[in-house]
$ cat run19.txt   # compact mmCIF, C-alpha atoms
# COMPACT_ATOMS: atom_id res chain seq x y z
CA MET A 750 -22.68 42.36 34.69
CA ARG A 751 -25.46 40.00 33.69
CA THR A 752 -25.55 41.55 30.19
CA ARG A 753 -21.82 41.09 29.83
CA SER A 754 -22.04 37.40 30.81
CA ALA A 755 -24.90 36.89 28.40
CA LEU A 756 -22.88 38.47 25.59
CA LEU A 757 -19.83 36.34 26.41
CA LEU A 758 -21.91 33.17 26.56
CA GLY A 759 -23.62 34.08 23.29
CA SER A 760 -20.31 34.67 21.50
CA LEU A 761 -18.89 31.41 22.79
CA SER A 762 -21.96 29.49 21.62
CA ALA A 763 -21.77 31.12 18.18
CA ALA A 764 -18.08 30.24 17.91
CA LEU A 765 -18.81 26.65 18.92
CA VAL A 766 -21.61 26.33 16.38
CA ALA A 767 -19.37 27.79 13.67
CA PHE A 768 -16.58 25.36 14.57
CA VAL A 769 -18.92 22.36 14.52
CA LEU A 770 -20.35 23.42 11.16
CA THR A 771 -17.03 24.00 9.47
CA SER A 772 -14.87 21.21 10.89
CA PRO A 773 -16.54 18.25 9.09
CA ARG A 774 -15.94 20.03 5.77
CA VAL A 775 -12.25 20.33 6.47
CA ILE A 776 -12.02 16.67 7.40
CA ALA A 777 -14.06 15.63 4.34
CA ALA A 778 -11.83 17.64 2.00
CA ASP A 779 -8.73 15.82 3.24
CA LYS A 780 -10.23 12.33 3.30
CA VAL A 781 -9.65 10.09 0.27
CA ASP A 782 -13.09 9.05 -0.92
CA PRO A 783 -12.93 7.28 -4.31
CA VAL A 784 -16.68 6.59 -4.38
CA ALA A 785 -17.52 10.28 -3.98
CA ASP A 786 -14.79 11.24 -6.46
CA ALA A 787 -16.10 8.84 -9.11
CA LYS A 788 -19.65 10.07 -8.63
CA ALA A 789 -18.60 13.73 -8.93
CA PHE A 790 -16.39 12.94 -11.94
CA GLN A 791 -19.16 11.15 -13.84
CA ASN A 792 -21.79 13.75 -12.93
CA PHE A 793 -19.55 16.51 -14.22
CA PHE A 794 -19.45 14.96 -17.70
CA PHE A 795 -23.08 13.84 -17.69
CA GLN A 796 -24.17 17.39 -16.87
CA LYS A 797 -21.72 19.06 -19.23
CA PHE A 798 -22.86 16.87 -22.13
CA PRO A 799 -26.50 16.01 -21.38
CA ASN A 800 -27.12 14.78 -24.93
CA VAL A 801 -24.32 12.20 -24.91
CA LYS A 802 -25.44 8.72 -23.92
CA HIS A 803 -23.43 7.63 -20.90
CA GLU A 804 -21.99 4.55 -22.59
CA ASP A 805 -20.93 6.70 -25.55
CA PHE A 806 -18.25 8.60 -23.60
CA VAL A 807 -15.88 5.67 -24.14
CA ASN A 808 -15.79 6.57 -27.82
CA GLY A 809 -13.78 9.69 -27.07
CA PRO A 810 -13.94 12.49 -29.65
CA TYR A 811 -16.66 10.65 -31.59
CA SER A 812 -19.04 11.17 -28.69
CA MET A 813 -18.46 14.91 -29.04
CA ASN A 814 -18.91 15.39 -32.78
CA GLU A 815 -21.59 13.88 -35.05
CA ASP A 816 -19.63 14.22 -38.30
CA MET A 817 -16.61 12.49 -36.86
CA LYS A 818 -18.82 9.81 -35.40
CA ARG A 819 -20.34 8.98 -38.79
CA GLN A 820 -16.89 8.77 -40.40
CA TRP A 821 -15.66 6.53 -37.59
CA GLN A 822 -18.68 4.23 -37.85
CA GLU A 823 -17.92 3.72 -41.53
CA LYS A 824 -14.26 3.13 -40.76
CA GLU A 825 -15.22 0.50 -38.19
CA GLU A 826 -16.33 -1.77 -41.06
CA PHE A 827 -12.65 -2.21 -41.91
CA PRO A 828 -11.00 -1.02 -38.72
CA PRO A 829 -7.34 -0.01 -38.84
CA TYR A 830 -6.58 -2.03 -35.67
CA GLU A 831 -7.60 -5.29 -37.32
CA PHE A 832 -4.03 -6.35 -38.13
CA ALA A 833 -2.99 -5.78 -34.53
CA LEU A 834 -5.99 -7.75 -33.34
CA ASP A 835 -5.11 -10.75 -35.52
CA ALA A 836 -1.46 -10.57 -34.47
CA GLY A 837 -2.46 -10.33 -30.80
CA LYS A 838 -4.75 -13.32 -31.03
CA GLU A 839 -1.98 -15.41 -32.55
CA MET A 840 0.63 -14.21 -30.03
CA PHE A 841 -1.74 -14.93 -27.18
CA ALA A 842 -2.22 -18.53 -28.29
CA THR A 843 1.43 -19.22 -29.16
CA PRO A 844 3.18 -21.12 -26.35
CA PHE A 845 6.34 -19.75 -24.72
CA LYS A 846 9.53 -21.81 -24.96
CA ASN A 847 8.48 -23.62 -21.79
CA GLY A 848 5.17 -24.66 -23.35
CA LYS A 849 2.99 -22.37 -21.25
CA THR A 850 0.90 -19.51 -22.66
CA TYR A 851 -0.41 -16.13 -21.53
CA ALA A 852 -3.66 -17.87 -20.61
CA ASP A 853 -1.81 -19.63 -17.76
CA CYS A 854 -1.01 -16.26 -16.14
CA PHE A 855 -4.50 -14.75 -16.04
CA PRO A 856 -7.87 -15.52 -14.52
CA ASN A 857 -10.37 -17.05 -16.98
CA GLY A 858 -7.50 -17.81 -19.34
CA GLY A 859 -7.11 -14.07 -20.00
CA VAL A 860 -10.41 -13.86 -21.88
CA GLY A 861 -12.95 -11.14 -21.01
CA ILE A 862 -10.95 -9.69 -18.12
CA ARG A 863 -9.78 -6.29 -19.42
CA GLN A 864 -12.38 -4.49 -17.28
CA ASN A 865 -10.60 -5.60 -14.10
CA TYR A 866 -7.30 -3.86 -14.95
CA PRO A 867 -5.49 -2.12 -13.41
CA TYR A 868 -5.84 -3.70 -10.00
CA PHE A 869 -4.13 -3.00 -6.69
CA ASP A 870 -1.76 -5.79 -5.66
CA GLU A 871 -1.91 -5.94 -1.87
CA LYS A 872 1.17 -8.13 -1.68
CA ASP A 873 3.27 -5.70 -3.67
CA GLY A 874 1.51 -2.60 -2.39
CA LYS A 875 1.32 -1.21 -5.92
CA VAL A 876 -0.97 -0.87 -8.92
CA VAL A 877 -0.64 -3.55 -11.60
CA THR A 878 -1.73 -2.60 -15.11
CA LEU A 879 -2.58 -5.07 -17.85
CA GLU A 880 0.61 -4.16 -19.72
CA LEU A 881 2.69 -4.76 -16.61
CA ALA A 882 0.92 -8.06 -15.92
CA LEU A 883 1.63 -9.21 -19.48
CA ASN A 884 5.34 -8.49 -19.15
CA ARG A 885 5.47 -10.14 -15.73
CA CYS A 886 3.87 -13.18 -17.32
CA ARG A 887 6.53 -13.20 -20.03
CA GLU A 888 9.37 -12.85 -17.53
CA ALA A 889 7.95 -15.52 -15.24
CA ASN A 890 8.04 -17.86 -18.23
CA GLY A 891 11.59 -17.05 -19.23
CA GLU A 892 10.76 -14.60 -22.02
CA ALA A 893 12.15 -11.09 -22.48
CA PRO A 894 9.66 -8.31 -21.71
CA TYR A 895 8.17 -6.32 -24.57
CA SER A 896 8.54 -2.57 -24.97
CA TYR A 897 5.56 -0.85 -23.37
CA VAL A 898 5.14 1.54 -26.25
CA LYS A 899 5.58 -0.68 -29.29
CA ASP A 900 3.45 -2.93 -31.46
CA GLU A 901 3.69 -6.29 -29.68
CA MET A 902 2.29 -4.94 -26.42
CA ALA A 903 -0.43 -3.04 -28.30
CA SER A 904 -1.39 -6.20 -30.20
CA LEU A 905 -1.67 -8.30 -27.07
CA THR A 906 -3.74 -5.74 -25.18
CA ALA A 907 -5.87 -5.16 -28.30
CA TYR A 908 -6.81 -8.82 -28.34
CA MET A 909 -7.51 -8.90 -24.60
CA ALA A 910 -9.65 -5.74 -24.85
CA TYR A 911 -11.55 -7.17 -27.79
CA THR A 912 -12.53 -10.27 -25.81
CA SER A 913 -13.88 -7.90 -23.12
CA ARG A 914 -15.85 -5.50 -25.31
CA GLY A 915 -19.10 -4.40 -23.73
CA LYS A 916 -18.08 -5.54 -20.26
CA LEU A 917 -18.34 -2.75 -17.71
CA MET A 918 -15.20 -1.31 -16.18
CA ASP A 919 -14.98 -2.79 -12.71
CA ILE A 920 -11.96 -1.53 -10.80
CA LYS A 921 -11.86 -2.31 -7.12
CA ILE A 922 -10.02 -0.35 -4.47
CA PRO A 923 -9.27 -2.59 -1.51
CA ASP A 924 -9.56 -1.31 2.03
CA ASP A 925 -5.84 -0.66 2.21
CA PRO A 926 -4.31 2.77 2.90
CA ARG A 927 -1.71 2.10 0.21
CA ALA A 928 -4.46 1.58 -2.38
CA LEU A 929 -6.14 4.81 -1.34
CA ALA A 930 -2.78 6.56 -1.52
CA ALA A 931 -2.26 5.22 -5.05
CA PHE A 932 -5.70 6.47 -6.08
CA GLU A 933 -4.98 9.89 -4.57
CA ASN A 934 -1.56 10.01 -6.21
CA GLY A 935 -3.16 9.21 -9.58
CA LYS A 936 -5.70 11.96 -9.05
CA ARG A 937 -2.96 14.42 -8.14
CA TYR A 938 -0.99 13.47 -11.25
CA PHE A 939 -4.09 13.92 -13.42
CA TYR A 940 -4.76 17.45 -12.19
CA THR A 941 -1.15 18.67 -11.86
CA ARG A 942 0.09 21.14 -14.47
CA ARG A 943 3.40 20.28 -16.09
CA GLY A 944 5.62 21.11 -19.03
CA GLN A 945 6.39 24.49 -20.53
CA MET A 946 2.80 24.65 -21.79
CA ASN A 947 1.63 24.50 -18.17
CA PHE A 948 -1.04 21.92 -19.00
CA SER A 949 -2.45 19.19 -16.83
CA CYS A 950 -4.29 16.16 -18.20
CA ALA A 951 -7.44 17.94 -17.03
CA SER A 952 -6.67 21.10 -19.03
CA CYS A 953 -7.54 19.21 -22.20
CA HIS A 954 -9.74 16.35 -21.07
CA VAL A 955 -11.85 18.02 -18.36
CA GLN A 956 -11.87 21.68 -19.25
CA SER A 957 -11.95 21.34 -23.03
CA PRO A 958 -13.44 18.05 -24.31
CA GLY A 959 -15.21 18.60 -27.62
CA GLU A 960 -13.05 21.66 -28.33
CA ARG A 961 -10.45 21.67 -31.04
CA ILE A 962 -6.74 21.73 -30.40
CA ARG A 963 -5.34 22.38 -33.85
CA ALA A 964 -7.05 19.79 -36.07
CA GLU A 965 -8.00 17.42 -33.25
CA ILE A 966 -11.14 17.23 -31.18
CA LEU A 967 -10.31 16.60 -27.56
CA ALA A 968 -11.72 13.49 -25.90
CA PRO A 969 -13.46 13.61 -22.53
CA ALA A 970 -11.48 12.13 -19.65
CA LEU A 971 -14.44 10.00 -18.67
CA GLY A 972 -13.95 6.55 -20.21
CA ILE A 973 -10.81 7.62 -22.05
CA LEU A 974 -8.95 4.41 -21.14
CA ASN A 975 -11.86 2.09 -21.95
CA ALA A 976 -10.89 2.31 -25.63
CA MET A 977 -7.22 1.47 -25.15
CA PRO A 978 -5.15 0.41 -26.97
CA ILE A 979 -5.84 2.58 -30.00
CA TYR A 980 -4.83 2.86 -33.59
CA ARG A 981 -3.94 6.51 -34.18
CA SER A 982 -3.73 7.84 -37.70
CA GLU A 983 -1.34 10.47 -36.35
CA TRP A 984 1.01 7.66 -35.25
CA SER A 985 0.30 5.51 -38.31
CA GLY A 986 0.11 2.63 -35.89
CA MET A 987 -1.12 1.20 -32.63
CA GLY A 988 -0.46 2.72 -29.25
CA THR A 989 -0.69 1.40 -25.72
CA THR A 990 -1.87 3.29 -22.65
CA SER A 991 1.82 3.82 -21.82
CA ARG A 992 2.40 5.40 -25.22
CA ARG A 993 -0.61 7.67 -24.72
CA PHE A 994 0.70 9.00 -21.40
CA VAL A 995 4.22 9.48 -22.77
CA THR A 996 3.02 11.43 -25.82
CA CYS A 997 0.61 13.53 -23.75
CA ASN A 998 3.52 14.57 -21.54
CA SER A 999 5.73 15.37 -24.54
CA GLN A 1000 3.00 17.49 -26.11
CA THR A 1001 2.99 19.72 -23.02
CA ARG A 1002 6.80 19.91 -23.33
CA ALA A 1003 7.34 17.86 -20.21
CA VAL A 1004 9.96 15.12 -20.24
CA PRO A 1005 7.88 11.93 -20.02
CA LEU A 1006 8.42 9.49 -17.17
CA GLU A 1007 9.56 5.97 -17.88
CA PRO A 1008 6.65 3.78 -19.07
CA GLN A 1009 4.93 2.05 -16.13
CA ALA A 1010 6.40 4.55 -13.65
CA ASP A 1011 4.41 4.61 -10.40
CA GLU A 1012 2.76 7.88 -11.41
CA TYR A 1013 1.51 6.46 -14.72
CA ARG A 1014 0.25 3.30 -13.02
CA ASP A 1015 -1.56 5.40 -10.42
CA VAL A 1016 -3.15 7.75 -12.93
CA GLU A 1017 -4.37 4.71 -14.87
CA PHE A 1018 -5.84 3.37 -11.62
CA PHE A 1019 -7.60 6.70 -10.96
CA LEU A 1020 -8.93 7.16 -14.50
CA SER A 1021 -10.13 3.57 -14.74
CA TYR A 1022 -11.84 3.65 -11.36
CA VAL A 1023 -13.79 6.84 -12.15
CA ALA A 1024 -14.95 5.13 -15.38
CA ASN A 1025 -16.44 2.18 -13.50
CA GLY A 1026 -19.75 1.14 -15.02
CA LEU A 1027 -18.82 2.24 -18.55
CA PRO A 1028 -18.19 -0.42 -21.19
CA ILE A 1029 -14.84 -1.54 -22.56
CA SER A 1030 -14.67 -0.42 -26.21
CA GLY A 1031 -11.07 -1.19 -27.07
CA PRO A 1032 -9.27 -1.53 -29.27
CA GLY A 1033 -10.16 1.90 -30.58
CA ALA A 1034 -9.31 4.02 -33.60
CA ARG A 1035 -8.53 7.70 -33.32
CA PRO A 1036 -7.50 10.38 -35.85
CA MET B 1173 35.34 69.86 -26.58
CA LYS B 1174 38.31 68.05 -25.09
CA ARG B 1175 36.42 67.51 -21.86
CA SER B 1176 33.37 66.04 -23.58
CA LEU B 1177 35.60 63.72 -25.61
CA LEU B 1178 37.22 62.53 -22.41
CA LEU B 1179 33.83 61.97 -20.83
CA ALA B 1180 32.65 60.01 -23.83
CA MET B 1181 35.78 57.83 -23.71
CA LEU B 1182 35.28 57.20 -20.00
CA LEU B 1183 31.65 56.30 -20.55
CA THR B 1184 32.53 53.93 -23.38
CA SER B 1185 35.22 52.21 -21.36
CA SER B 1186 32.88 51.82 -18.36
CA LEU B 1187 30.25 50.15 -20.54
CA ALA B 1188 32.67 47.97 -22.45
CA PRO B 1189 32.94 45.04 -20.00
CA SER B 1190 29.21 44.32 -20.22
CA ALA B 1191 29.32 44.19 -24.00
CA ARG B 1192 32.39 41.98 -24.31
CA ALA B 1193 32.16 38.57 -25.91
CA ALA B 1194 31.62 35.63 -23.58
CA ASN B 1195 34.57 33.36 -22.97
CA GLU B 1196 34.87 29.73 -21.98
CA ALA B 1197 34.84 30.57 -18.28
CA ASP B 1198 31.55 32.47 -18.66
CA TYR B 1199 30.05 29.52 -20.50
CA LYS B 1200 31.27 27.01 -17.91
CA ALA B 1201 29.78 29.04 -15.06
CA ALA B 1202 26.46 29.49 -16.88
CA TYR B 1203 26.33 25.81 -17.85
CA ALA B 1204 27.08 24.63 -14.31
CA ALA B 1205 24.27 26.80 -12.92
CA ALA B 1206 21.85 25.54 -15.61
CA GLU B 1207 22.83 21.93 -15.04
CA ALA B 1208 22.30 22.22 -11.29
CA ALA B 1209 18.82 23.73 -11.76
CA SER B 1210 17.99 21.13 -14.38
CA LYS B 1211 19.00 18.30 -12.03
CA GLU B 1212 16.83 19.78 -9.31
CA ALA B 1213 13.84 19.86 -11.70
CA ALA B 1214 14.47 16.27 -12.75
CA GLY B 1215 14.63 15.26 -9.11
CA MET B 1216 11.15 16.75 -8.70
CA ARG B 1217 10.03 14.63 -11.69
CA ASN B 1218 9.22 17.82 -13.55
CA GLN B 1219 11.85 18.27 -16.22
CA TRP B 1220 10.85 20.22 -19.32
CA THR B 1221 11.87 19.11 -22.81
CA VAL B 1222 12.90 22.68 -23.69
CA THR B 1223 15.38 22.76 -20.79
CA VAL B 1224 17.05 19.63 -22.13
CA SER B 1225 17.14 21.11 -25.64
CA ALA B 1226 18.62 24.41 -24.43
CA LEU B 1227 21.33 22.56 -22.47
CA ALA B 1228 22.16 20.48 -25.54
CA ALA B 1229 22.28 23.62 -27.70
CA ALA B 1230 24.65 25.26 -25.20
CA LYS B 1231 26.99 22.29 -25.26
CA LYS B 1232 26.93 22.10 -29.05
CA ALA B 1233 27.73 25.80 -29.42
CA ALA B 1234 30.56 25.53 -26.88
CA ASP B 1235 32.00 22.51 -28.70
CA GLY B 1236 32.06 24.69 -31.83
CA GLY B 1237 33.84 27.48 -29.95
CA ASP B 1238 30.86 29.89 -30.03
CA PHE B 1239 30.83 30.89 -26.37
CA ASP B 1240 28.45 33.81 -26.88
CA ARG B 1241 25.75 31.51 -28.15
CA ALA B 1242 26.68 28.77 -25.66
CA THR B 1243 26.42 31.12 -22.69
CA ALA B 1244 23.10 32.54 -23.89
CA ALA B 1245 21.67 29.04 -24.34
CA ALA B 1246 22.92 27.95 -20.92
CA LYS B 1247 21.30 30.99 -19.32
CA GLU B 1248 18.07 30.20 -21.12
CA ALA B 1249 18.26 26.61 -19.87
CA GLU B 1250 18.74 27.83 -16.31
CA ALA B 1251 15.73 30.15 -16.57
CA LEU B 1252 13.59 27.32 -17.97
CA ALA B 1253 14.73 24.90 -15.27
CA LYS B 1254 13.95 27.45 -12.57
CA ALA B 1255 10.48 27.96 -14.05
CA SER B 1256 9.85 24.20 -13.96
CA ILE B 1257 11.00 24.08 -10.32
CA PHE B 1258 8.59 26.90 -9.49
CA GLN B 1259 5.82 25.06 -11.31
CA ALA B 1260 6.45 21.80 -9.42
CA ALA B 1261 6.53 23.62 -6.09
CA SER B 1262 3.37 25.64 -6.68
CA GLU B 1263 1.45 22.67 -8.11
CA LYS B 1264 1.93 20.74 -4.88
CA GLU B 1265 -1.17 22.54 -3.66
CA ALA B 1266 -2.48 24.35 -6.75
CA TRP B 1267 -3.70 21.14 -8.46
CA LYS B 1268 -6.54 20.91 -5.99
CA ALA B 1269 -8.16 24.00 -7.48
CA MET B 1270 -8.71 22.08 -10.70
CA GLU B 1271 -10.26 19.01 -9.12
CA ILE B 1272 -13.85 18.04 -9.92
CA ARG B 1273 -15.70 17.84 -6.61
$ encode --input "run19.txt" --output "structure tokens"
Amino acid sequence: MRTRSALLLGSLSAALVAFVLTSPRVIAADKVDPVADAKAFQNFFFQKFPNVKHEDFVNGPYSMNEDMKRQWQEKEEFPPYEFALDAGKEMFATPFKNGKTYADCFPNGGVGIRQNYPYFDEKDGKVVTLELALNRCREANGEAPYSYVKDEMASLTAYMAYTSRGKLMDIKIPDDPRALAAFENGKRYFYTRRGQMNFSCASCHVQSPGERIRAEILAPALGILNAMPIYRSEWSGMGTTSRRFVTCNSQTRAVPLEPQADEYRDVEFFLSYVANGLPISGPGARP
Amino acid sequence: MKRSLLLAMLLTSSLAPSARAANEADYKAAYAAAEAASKEAAGMRNQWTVTVSALAAAKKAADGGDFDRATAAAKEAEALAKASIFQAASEKEAWKAMEIR
């Protein structure tokens, strides 16, 4: 009888210990923890590419391939985004019909602030990207919004990125369950497979950076938005972050969402947050 | 000889309906099924470009009176839409396997 009780007590204790040991893991896996996510994300790339300087990841495919890097460095002497940069600078300084300018809509007159976008608007309960903020500024001043995928928006963001070059990405996630939900939603979007090709963003930019996909060398996901907007030779023109997301979706044979859809805003929030501490390098140039 | 000829005729006639050309009613039924599946995929925010193209090809062929091609394209569109619905449903949890932790 005593042996039986001892066995029962022993089994119960073992079950209790097992429960205590496993339950925190379950809770941790379900909890949204952007700090831990960003740390794991950065460590993954730092360990996968130990010879790449951390600040170099923002240069996309050039950080993965020495030959390409040398060609790009030469191209940077007469960069293909220069026209967009000049146009953006002029547009930024040109007053709206009501006499106000973009500078009136942004902190620090819109100069050197790219690293703080996107941000979570606690009033609205949603993520606000730089492109969205620019169009809201236009609308608030009686102007028609620009297309999110065309040249004007790319020029404006190119200028704003240029004034922020070298500043470290500094996205903040407020202590607001909606902000955490947006971060989690962005993460989910990033890792979710879509399109007939059954690709997620991570299929190319986490699993295969540095590998070729046809003639292109895939960029690492870490710091991928720090270089936006970009001049792409493939596009023969400039492209915004919106355009990048839309074309990525099309390439997997998924019907793209509308530019600045919640999912795109959230994935921009996620990707920018996990790149915190890496410098802004935009506007960029890509093959 | 007569009996085998009769058997062959019976066999041919029993197979004939499956080999007949598609008509407008077949196309309309196939298109409606494809459109419903495609709408469901779009509602899940997971429409595929190839589904849209196959639906457009079906409509174009039907407008030209080629109901064989139209029905085949509509059936293809339905299969693609169903695959995208399956993908969206399975990815609700499957994406976590890809996450960097």
$ interface_residues --input "run19.txt" --of "chain B" --to "chain A" --cutoff "8 Å" --atoms "all atoms listed in the file" --output "VMD selection string"
chain B and resid 1217 to 1222 1256 1259 to 1260 1263 to 1264 1266 to 1268 1270 to 1273
$ residues_around --input "run19.txt" --residues "Asp1240 (chain B)" --least-positions-apart "2" --cutoff "9 Å" --atoms "only C-alpha atoms" --output "PyMOL selection string"
chain B and resi 1193-1195+1198-1199+1233-1234+1237-1238+1242-1245
$ atom_distance --input "run19.txt" --atom1 "CA of Phe794 (chain A)" --atom2 "CA of Pro969 (chain A)"
7.8 Å
$ closest_residue --input "run19.txt" --among "A:Gln820, A:Ser1030, A:Ser957, A:Thr850" --to "Ser913 (chain A)" --atoms "all atoms listed in the file"
A:Ser1030
$ atom_distance --input "run19.txt" --atom1 "CA of Ser896 (chain A)" --atom2 "CA of Leu967 (chain A)"
27.0 Å
$ residues_around --input "run19.txt" --residues "Arg885 (chain A)" --least-positions-apart "4" --cutoff "8 Å" --atoms "all atoms listed in the file" --output "list in words"
Leu881, Ala889 and Pro894 of chain A
$ atom_distance --input "run19.txt" --atom1 "CA of Pro856 (chain A)" --atom2 "CA of Leu1020 (chain A)"
22.7 Å
$ residues_around --input "run19.txt" --residues "Glu1248 (chain B)" --least-positions-apart "6" --cutoff "9 Å" --atoms "only C-alpha atoms" --output "MDAnalysis selection string"
chainID B and resid 1206 1223 1226:1227
$ residues_around --input "run19.txt" --residues "Asp853 (chain A)" --least-positions-apart "6" --cutoff "12 Å" --atoms "only C-alpha atoms" --output "list in words"
Phe841, Ala842, Thr843, Pro844, Phe845, Asn847, Gly859, Val860, Leu883, Cys886, Arg887, Ala889 and Asn890 of chain A
$ write_last_selection --input "run19.txt" --atoms "C-alpha atoms" --output "PDB file, keeping the file's coordinate frame"
ATOM      1  CA  PHE A 841      -1.740 -14.930 -27.180  1.00  0.00           C
ATOM      2  CA  ALA A 842      -2.220 -18.530 -28.290  1.00  0.00           C
ATOM      3  CA  THR A 843       1.430 -19.220 -29.160  1.00  0.00           C
ATOM      4  CA  PRO A 844       3.180 -21.120 -26.350  1.00  0.00           C
ATOM      5  CA  PHE A 845       6.340 -19.750 -24.720  1.00  0.00           C
ATOM      6  CA  ASN A 847       8.480 -23.620 -21.790  1.00  0.00           C
ATOM      7  CA  GLY A 859      -7.110 -14.070 -20.000  1.00  0.00           C
ATOM      8  CA  VAL A 860     -10.410 -13.860 -21.880  1.00  0.00           C
ATOM      9  CA  LEU A 883       1.630  -9.210 -19.480  1.00  0.00           C
ATOM     10  CA  CYS A 886       3.870 -13.180 -17.320  1.00  0.00           C
ATOM     11  CA  ARG A 887       6.530 -13.200 -20.030  1.00  0.00           C
ATOM     12  CA  ALA A 889       7.950 -15.520 -15.240  1.00  0.00           C
ATOM     13  CA  ASN A 890       8.040 -17.860 -18.230  1.00  0.00           C
TER      14      ASN A 890
END
$ residues_around --input "run19.txt" --residues "Ile862 (chain A)" --least-positions-apart "6" --cutoff "9 Å" --atoms "all atoms listed in the file" --output "number ranges by chain"
A: 855-856, 909-910, 912-913, 916
